[in-house]
>>> print(open('start.pdb').read())   # PDB, C-alpha atoms
ATOM      1  CA  MET A   1       5.754  32.122  11.849
ATOM      2  CA  SER A   2       2.685  31.382  13.940
ATOM      3  CA  LYS A   3       0.760  28.135  14.127
ATOM      4  CA  THR A   4      -2.882  27.406  14.846
ATOM      5  CA  THR A   5      -3.609  24.634  17.348
ATOM      6  CA  TRP A   6      -6.341  22.093  16.593
ATOM      7  CA  LYS A   7      -7.766  19.217  18.622
ATOM      8  CA  PRO A   8      -5.953  15.850  18.337
ATOM      9  CA  GLY A   9      -6.515  14.070  15.047
ATOM     10  CA  THR A  10      -4.871  12.387  12.087
ATOM     11  CA  PHE A  11      -2.667  14.901  10.321
ATOM     12  CA  ILE A  12       0.573  13.157   9.448
ATOM     13  CA  TYR A  13       0.453  13.413   5.676
ATOM     14  CA  PRO A  14       1.057  12.381   2.945
ATOM     15  CA  LEU A  15       0.463   8.655   3.271
ATOM     16  CA  PRO A  16       0.651   5.941   0.660
ATOM     17  CA  ALA A  17      -2.749   5.093  -0.818
ATOM     18  CA  VAL A  18      -2.628   1.341  -1.357
ATOM     19  CA  MET A  19      -5.046  -1.318  -2.498
ATOM     20  CA  VAL A  20      -4.934  -4.324  -0.203
ATOM     21  CA  SER A  21      -6.067  -7.566  -1.797
ATOM     22  CA  CYS A  22      -7.329 -10.394   0.364
ATOM     23  CA  GLY A  23      -9.176 -13.696   0.134
ATOM     24  CA  THR A  24      -8.353 -16.305  -2.497
ATOM     25  CA  MET A  25      -8.004 -16.348  -6.275
ATOM     26  CA  GLU A  26     -11.610 -17.596  -6.480
ATOM     27  CA  LYS A  27     -13.177 -15.310  -3.842
ATOM     28  CA  SER A  28     -11.216 -12.138  -3.330
ATOM     29  CA  ASN A  29     -11.653  -8.521  -2.360
ATOM     30  CA  ILE A  30      -9.775  -5.226  -2.500
ATOM     31  CA  ILE A  31      -9.811  -2.592   0.241
ATOM     32  CA  THR A  32      -8.159   0.792  -0.125
ATOM     33  CA  VAL A  33      -6.025   1.682   2.878
ATOM     34  CA  ALA A  34      -4.105   4.832   3.724
ATOM     35  CA  TRP A  35      -3.219   3.843   7.287
ATOM     36  CA  THR A  36      -0.222   1.711   6.337
ATOM     37  CA  GLY A  37       3.528   1.736   6.624
ATOM     38  CA  ILE A  38       6.810   0.081   7.495
ATOM     39  CA  ILE A  39       7.450  -0.805  11.137
ATOM     40  CA  ASN A  40      10.587  -2.964  11.077
ATOM     41  CA  THR A  41      13.536  -3.847   8.849
ATOM     42  CA  GLU A  42      14.776  -7.245  10.062
ATOM     43  CA  PRO A  43      12.519  -9.109   9.809
ATOM     44  CA  ALA A  44      10.685  -6.856   7.372
ATOM     45  CA  LYS A  45       7.323  -5.914   8.920
ATOM     46  CA  VAL A  46       4.531  -3.636   7.801
ATOM     47  CA  TYR A  47       1.077  -2.752   9.057
ATOM     48  CA  ILE A  48      -2.378  -1.895   7.807
ATOM     49  CA  SER A  49      -5.110  -0.491  10.035
ATOM     50  CA  ILE A  50      -8.737  -1.332   9.240
ATOM     51  CA  LYS A  51     -12.067  -0.640  10.933
ATOM     52  CA  PRO A  52     -13.646  -3.920  12.121
ATOM     53  CA  SER A  53     -16.869  -2.937  10.306
ATOM     54  CA  ARG A  54     -15.172  -3.192   6.904
ATOM     55  CA  TYR A  55     -15.872  -6.290   4.802
ATOM     56  CA  SER A  56     -12.171  -7.117   4.325
ATOM     57  CA  TYR A  57     -11.483  -7.037   8.070
ATOM     58  CA  GLU A  58     -12.954 -10.501   8.737
ATOM     59  CA  ILE A  59     -11.386 -11.955   5.585
ATOM     60  CA  ILE A  60      -7.898 -10.831   6.634
ATOM     61  CA  LYS A  61      -8.433 -11.778  10.282
ATOM     62  CA  LYS A  62      -9.594 -15.307   9.334
ATOM     63  CA  GLN A  63      -7.059 -15.955   6.556
ATOM     64  CA  GLY A  64      -4.107 -14.266   8.275
ATOM     65  CA  GLU A  65      -2.615 -12.821   5.105
ATOM     66  CA  PHE A  66      -2.978 -10.033   2.551
ATOM     67  CA  VAL A  67      -1.166  -8.283  -0.283
ATOM     68  CA  ILE A  68      -0.329  -4.565  -0.278
ATOM     69  CA  ASN A  69      -0.475  -3.270  -3.875
ATOM     70  CA  LEU A  70       1.054   0.157  -4.519
ATOM     71  CA  THR A  71      -1.115   2.474  -6.579
ATOM     72  CA  THR A  72      -0.385   4.775  -9.488
ATOM     73  CA  GLN A  73      -1.921   7.759 -11.203
ATOM     74  CA  LYS A  74      -3.549   5.337 -13.702
ATOM     75  CA  LEU A  75      -5.029   3.396 -10.772
ATOM     76  CA  ALA A  76      -6.340   6.482  -8.927
ATOM     77  CA  ARG A  77      -9.998   5.960  -9.867
ATOM     78  CA  ALA A  78      -9.874   2.261  -8.965
ATOM     79  CA  THR A  79      -8.078   3.101  -5.723
ATOM     80  CA  ASP A  80     -10.794   5.524  -4.676
ATOM     81  CA  TRP A  81     -13.661   3.305  -5.905
ATOM     82  CA  CYS A  82     -12.351   0.268  -4.003
ATOM     83  CA  GLY A  83     -12.285   2.414  -0.872
ATOM     84  CA  VAL A  84     -15.891   3.584  -1.054
ATOM     85  CA  LYS A  85     -17.631   0.438  -2.332
ATOM     86  CA  THR A  86     -18.068  -2.722  -0.282
ATOM     87  CA  GLY A  87     -16.845  -6.071  -1.498
ATOM     88  CA  ALA A  88     -19.880  -7.636   0.178
ATOM     89  CA  LYS A  89     -21.978  -6.304  -2.719
ATOM     90  CA  VAL A  90     -19.614  -5.969  -5.705
ATOM     91  CA  ASP A  91     -16.685  -7.780  -7.301
ATOM     92  CA  LYS A  92     -14.098  -5.001  -7.245
ATOM     93  CA  PHE A  93     -11.680  -6.775  -9.580
ATOM     94  CA  LYS A  94     -14.422  -7.166 -12.182
ATOM     95  CA  GLU A  95     -15.968  -3.699 -11.781
ATOM     96  CA  MET A  96     -12.619  -1.899 -12.029
ATOM     97  CA  ASN A  97     -11.253  -4.191 -14.755
ATOM     98  CA  LEU A  98      -8.322  -5.229 -12.563
ATOM     99  CA  HIS A  99      -6.592  -8.545 -13.099
ATOM    100  CA  LYS A 100      -5.658 -11.107 -10.479
ATOM    101  CA  GLU A 101      -2.141 -12.451 -10.457
ATOM    102  CA  LYS A 102      -1.102 -15.487  -8.415
ATOM    103  CA  ALA A 103       1.153 -14.662  -5.471
ATOM    104  CA  LYS A 104       4.162 -16.814  -4.549
ATOM    105  CA  PHE A 105       3.589 -17.285  -0.800
ATOM    106  CA  VAL A 106      -0.003 -16.291   0.039
ATOM    107  CA  LYS A 107      -3.382 -17.393  -1.301
ATOM    108  CA  CYS A 108      -4.487 -13.797  -1.894
ATOM    109  CA  PRO A 109      -4.244 -12.499  -5.450
ATOM    110  CA  MET A 110      -1.930  -9.683  -6.364
ATOM    111  CA  ILE A 111      -3.238  -6.856  -8.566
ATOM    112  CA  LYS A 112      -1.474  -7.249 -11.926
ATOM    113  CA  GLU A 113      -1.740  -3.521 -12.744
ATOM    114  CA  SER A 114       0.136  -2.530  -9.558
ATOM    115  CA  PRO A 115       3.865  -1.842 -10.008
ATOM    116  CA  VAL A 116       4.663  -3.444  -6.626
ATOM    117  CA  SER A 117       2.776  -6.106  -4.677
ATOM    118  CA  VAL A 118       3.927  -6.984  -1.156
ATOM    119  CA  GLU A 119       2.907 -10.404   0.188
ATOM    120  CA  CYS A 120       2.211 -10.269   3.918
ATOM    121  CA  LYS A 121       1.543 -12.777   6.725
ATOM    122  CA  VAL A 122      -0.312 -11.446   9.790
ATOM    123  CA  LYS A 123       1.679 -11.848  12.999
ATOM    124  CA  GLU A 124      -0.432  -9.795  15.406
ATOM    125  CA  ILE A 125      -3.662  -7.795  15.544
ATOM    126  CA  LYS A 126      -3.853  -4.805  17.885
ATOM    127  CA  ASN A 127      -7.181  -3.241  18.841
ATOM    128  CA  LEU A 128      -6.414   0.484  18.850
ATOM    129  CA  GLY A 129      -9.960   1.869  19.056
ATOM    130  CA  SER A 130     -11.654   2.834  15.802
ATOM    131  CA  HIS A 131      -9.170   0.696  13.836
ATOM    132  CA  HIS A 132      -7.368  -2.569  14.416
ATOM    133  CA  MET A 133      -3.758  -2.771  13.304
ATOM    134  CA  PHE A 134      -2.665  -5.878  11.416
ATOM    135  CA  ILE A 135       1.069  -6.248  11.977
ATOM    136  CA  ALA A 136       2.495  -8.477   9.276
ATOM    137  CA  GLU A 137       5.775  -9.960   8.163
ATOM    138  CA  VAL A 138       6.727  -9.339   4.546
ATOM    139  CA  LEU A 139       7.091 -12.680   2.755
ATOM    140  CA  ALA A 140       7.923 -11.336  -0.709
ATOM    141  CA  ILE A 141       8.028  -8.186  -2.798
ATOM    142  CA  ASN A 142       6.891  -8.570  -6.399
ATOM    143  CA  ALA A 143       8.004  -5.755  -8.705
ATOM    144  CA  ASP A 144       6.940  -5.221 -12.300
ATOM    145  CA  GLU A 145       9.974  -5.843 -14.518
ATOM    146  CA  LYS A 146       9.290  -2.744 -16.623
ATOM    147  CA  TYR A 147      10.416  -0.615 -13.648
ATOM    148  CA  ILE A 148      13.724  -2.442 -13.147
ATOM    149  CA  ASN A 149      16.674  -0.681 -14.766
ATOM    150  CA  GLU A 150      19.686  -2.175 -16.543
ATOM    151  CA  LYS A 151      21.569  -2.429 -13.223
ATOM    152  CA  GLY A 152      18.775  -4.517 -11.687
ATOM    153  CA  ALA A 153      17.549  -1.721  -9.417
ATOM    154  CA  PHE A 154      13.884  -0.800  -9.073
ATOM    155  CA  ASP A 155      13.222   2.724 -10.394
ATOM    156  CA  ILE A 156      10.258   3.857  -8.340
ATOM    157  CA  SER A 157      10.316   7.305  -9.961
ATOM    158  CA  LYS A 158       8.832   5.830 -13.148
ATOM    159  CA  CYS A 159       5.755   4.375 -11.413
ATOM    160  CA  ASP A 160       3.714   7.595 -10.993
ATOM    161  CA  LEU A 161       2.772   6.560  -7.456
ATOM    162  CA  ILE A 162       0.022   8.404  -5.638
ATOM    163  CA  ALA A 163      -0.376   9.473  -2.022
ATOM    164  CA  TYR A 164      -3.325  10.382   0.187
ATOM    165  CA  SER A 165      -3.438  13.611   2.155
ATOM    166  CA  ASN A 166      -6.314  15.042   4.157
ATOM    167  CA  GLY A 167      -9.065  13.578   1.972
ATOM    168  CA  HIS A 168      -7.331  14.016  -1.404
ATOM    169  CA  TYR A 169      -5.072  12.024  -3.724
ATOM    170  CA  TYR A 170      -1.821  13.474  -5.068
ATOM    171  CA  THR A 171       0.836  12.353  -7.490
ATOM    172  CA  LEU A 172       4.340  12.249  -6.114
ATOM    173  CA  GLY A 173       6.808  14.821  -7.381
ATOM    174  CA  LYS A 174      10.365  14.626  -8.560
ATOM    175  CA  LYS A 175      13.244  13.199  -6.575
ATOM    176  CA  ILE A 176      15.091  15.935  -4.669
ATOM    177  CA  GLY A 177      17.785  13.884  -2.974
ATOM    178  CA  ARG A 178      18.616  10.518  -1.500
ATOM    179  CA  PHE A 179      19.293   9.287   2.000
ATOM    180  CA  GLY A 180      22.512  10.877   3.239
ATOM    181  CA  PHE A 181      22.737  13.521   0.492
ATOM    182  CA  SER A 182      23.034  16.281   3.093
ATOM    183  CA  VAL A 183      26.375  14.930   4.341
ATOM    184  CA  GLN A 184      27.721  13.499   1.099
ATOM    185  CA  LYS A 185      30.999  14.926  -0.165
ATOM    186  CA  ARG A 186      30.614  16.858  -3.378
ATOM    187  CA  LYS A 187      32.263  15.520  -6.487
ATOM    188  CA  LYS A 188      34.929  17.728  -7.992
ATOM    189  CA  ARG A 189      34.227  19.043 -11.465
ATOM    190  CA  LYS A 190      36.761  18.323 -14.161
TER     191      LYS A 190
END
>>> encode(input="start.pdb", output="structure tokens")
Amino acid sequence: MSKTTWKPGTFIYPLPAVMVSCGTMEKSNIITVAWTGIINTEPAKVYISIKPSRYSYEIIKKQGEFVINLTTQKLARATDWCGVKTGAKVDKFKEMNLHKEKAKFVKCPMIKESPVSVECKVKEIKNLGSHHMFIAEVLAINADEKYINEKGAFDISKCDLIAYSNGHYYTLGKKIGRFGFSVQKRKKRK
């Protein structure tokens, strides 16, 4: 197998495509972000990276909080639209027929149609160049009850989550294993 070498760039894909809500219940905005992820377990910390020129940047910087809303196949159009339109000129909740839901710990609204909304409090902002990284502590995870099974576990496979990869959106495929499956002892057949 041979590989072609390219100049440095962003090519670690796929990434979650999320809608980040910010502001207040009265004056809010949604920004689509693909530069996001988990950075710590205890305490739970995540990040989002945003260009300072984006409308939501100042809102999040000033308020110090945001909500990461996971996106689904049904939300794909809204996810893309909220990433290309500016909240300075349009009400994204209204235009995309999305509904605000009151969060438990932050003033920002959650997106009701999202299967999971993660409430976040900014702890640090790092200027990395084209983007600034908002490092945040997770205050709460709000999961839609219709995805919680009879054992009380969240079944993410039923959400139809989407991912972003090299300029395109993709649905996630079927589960092929779980953490540790490669070393798990096989069950004996009866």
>>> closest_residue(input="start.pdb", among="A:Thr71, A:Ser114, A:Ser56, A:Asn97", to="Leu161 of chain A", atoms="all atoms listed in the file")
A:Thr71
>>> atom_distance(input="start.pdb", atom1="atom CA of Thr4 of chain A", atom2="atom CA of Asn166 of chain A")
16.7 Å
>>> closest_residue(input="start.pdb", among="A:Tyr47, A:Gly173, A:Lys102, A:Pro115", to="Lys146 of chain A", atoms="only C-alpha atoms")
A:Pro115
>>> atom_distance(input="start.pdb", atom1="atom CA of Lys174 of chain A", atom2="atom CA of Cys159 of chain A")
11.6 Å
>>> closest_residue(input="start.pdb", among="A:Ser165, A:Val138, A:Gln184, A:Ser130", to="Ser53 of chain A", atoms="all atoms listed in the file")
A:Ser130
>>> closest_residue(input="start.pdb", among="A:Val116, A:Cys82, A:Leu75, A:Met25", to="Tyr147 of chain A", atoms="all atoms listed in the file")
A:Val116
>>> closest_residue(input="start.pdb", among="A:Asn142, A:Gln73, A:Asn149, A:Thr10", to="Lys112 of chain A", atoms="all atoms listed in the file")
A:Asn142
>>> closest_residue(input="start.pdb", among="A:Ile162, A:Val18, A:Ile30, A:Ile59", to="Met96 of chain A", atoms="only C-alpha atoms")
A:Ile30
>>> resolve_selection(input="start.pdb", expression="the PyMOL selection byres ((chain A and resi 92) around 9)", output="list of chain:residue names")
A:Ser28, A:Asn29, A:Ile30, A:Ile31, A:Ala78, A:Trp81, A:Cys82, A:Lys85, A:Thr86, A:Gly87, A:Val90, A:Asp91, A:Phe93, A:Lys94, A:Glu95, A:Met96, A:Asn97, A:Leu98
>>> resolve_selection(input="start.pdb", expression="the PyMOL selection byres ((chain A and resi 107) around 9)", output="count of residues only")
14
>>> atom_distance(input="start.pdb", atom1="atom CA of Gly37 of chain A", atom2="atom CA of Val183 of chain A")
26.5 Å
>>> resolve_selection(input="start.pdb", expression="the PyMOL selection byres ((chain A and resi 35) around 6)", output="list in words")
Val33, Ala34, Thr36, Ile48 and Ser49 of chain A
>>> residues_near_point(input="start.pdb", point="(-6.5, 4.3, 18.9)", cutoff="12 Å", atoms="only C-alpha atoms", output="MDAnalysis selection string")
chainID A and resid 8:10 49:51 126:133
>>> write_last_selection(input="start.pdb", atoms="C-alpha atoms", output="PDB file, keeping the file's coordinate frame")
ATOM      1  CA  PRO A   8      -5.953  15.850  18.337  1.00  0.00           C
ATOM      2  CA  GLY A   9      -6.515  14.070  15.047  1.00  0.00           C
ATOM      3  CA  THR A  10      -4.871  12.387  12.087  1.00  0.00           C
ATOM      4  CA  SER A  49      -5.110  -0.491  10.035  1.00  0.00           C
ATOM      5  CA  ILE A  50      -8.737  -1.332   9.240  1.00  0.00           C
ATOM      6  CA  LYS A  51     -12.067  -0.640  10.933  1.00  0.00           C
ATOM      7  CA  LYS A 126      -3.853  -4.805  17.885  1.00  0.00           C
ATOM      8  CA  ASN A 127      -7.181  -3.241  18.841  1.00  0.00           C
ATOM      9  CA  LEU A 128      -6.414   0.484  18.850  1.00  0.00           C
ATOM     10  CA  GLY A 129      -9.960   1.869  19.056  1.00  0.00           C
ATOM     11  CA  SER A 130     -11.654   2.834  15.802  1.00  0.00           C
ATOM     12  CA  HIS A 131      -9.170   0.696  13.836  1.00  0.00           C
ATOM     13  CA  HIS A 132      -7.368  -2.569  14.416  1.00  0.00           C
ATOM     14  CA  MET A 133      -3.758  -2.771  13.304  1.00  0.00           C
TER      15      MET A 133
END
>>> axis_aligned_box(input="start.pdb", around="segment 67-79 of chain A", padding_each_side="6 Å", output="AutoDock Vina command-line options")
--center_x -4.5 --center_y -0.3 --center_z -7.0 --size_x 23.1 --size_y 28.0 --size_z 25.4
>>> residues_around(input="start.pdb", residues="Ser117 of chain A", least_positions_apart="5", cutoff="10 Å", atoms="only C-alpha atoms", output="PDB file with C-alpha atoms, in the frame of the given file")
ATOM      1  CA  VAL A  18      -2.628   1.341  -1.357  1.00  0.00           C
ATOM      2  CA  MET A  19      -5.046  -1.318  -2.498  1.00  0.00           C
ATOM      3  CA  VAL A  20      -4.934  -4.324  -0.203  1.00  0.00           C
ATOM      4  CA  SER A  21      -6.067  -7.566  -1.797  1.00  0.00           C
ATOM      5  CA  VAL A  67      -1.166  -8.283  -0.283  1.00  0.00           C
ATOM      6  CA  ILE A  68      -0.329  -4.565  -0.278  1.00  0.00           C
ATOM      7  CA  ASN A  69      -0.475  -3.270  -3.875  1.00  0.00           C
ATOM      8  CA  LEU A  70       1.054   0.157  -4.519  1.00  0.00           C
ATOM      9  CA  THR A  71      -1.115   2.474  -6.579  1.00  0.00           C
ATOM     10  CA  GLU A 101      -2.141 -12.451 -10.457  1.00  0.00           C
ATOM     11  CA  ALA A 103       1.153 -14.662  -5.471  1.00  0.00           C
ATOM     12  CA  PRO A 109      -4.244 -12.499  -5.450  1.00  0.00           C
ATOM     13  CA  MET A 110      -1.930  -9.683  -6.364  1.00  0.00           C
ATOM     14  CA  ILE A 111      -3.238  -6.856  -8.566  1.00  0.00           C
ATOM     15  CA  LYS A 112      -1.474  -7.249 -11.926  1.00  0.00           C
ATOM     16  CA  ALA A 140       7.923 -11.336  -0.709  1.00  0.00           C
ATOM     17  CA  ILE A 141       8.028  -8.186  -2.798  1.00  0.00           C
ATOM     18  CA  ASN A 142       6.891  -8.570  -6.399  1.00  0.00           C
ATOM     19  CA  ALA A 143       8.004  -5.755  -8.705  1.00  0.00           C
ATOM     20  CA  ASP A 144       6.940  -5.221 -12.300  1.00  0.00           C
TER      21      ASP A 144
END
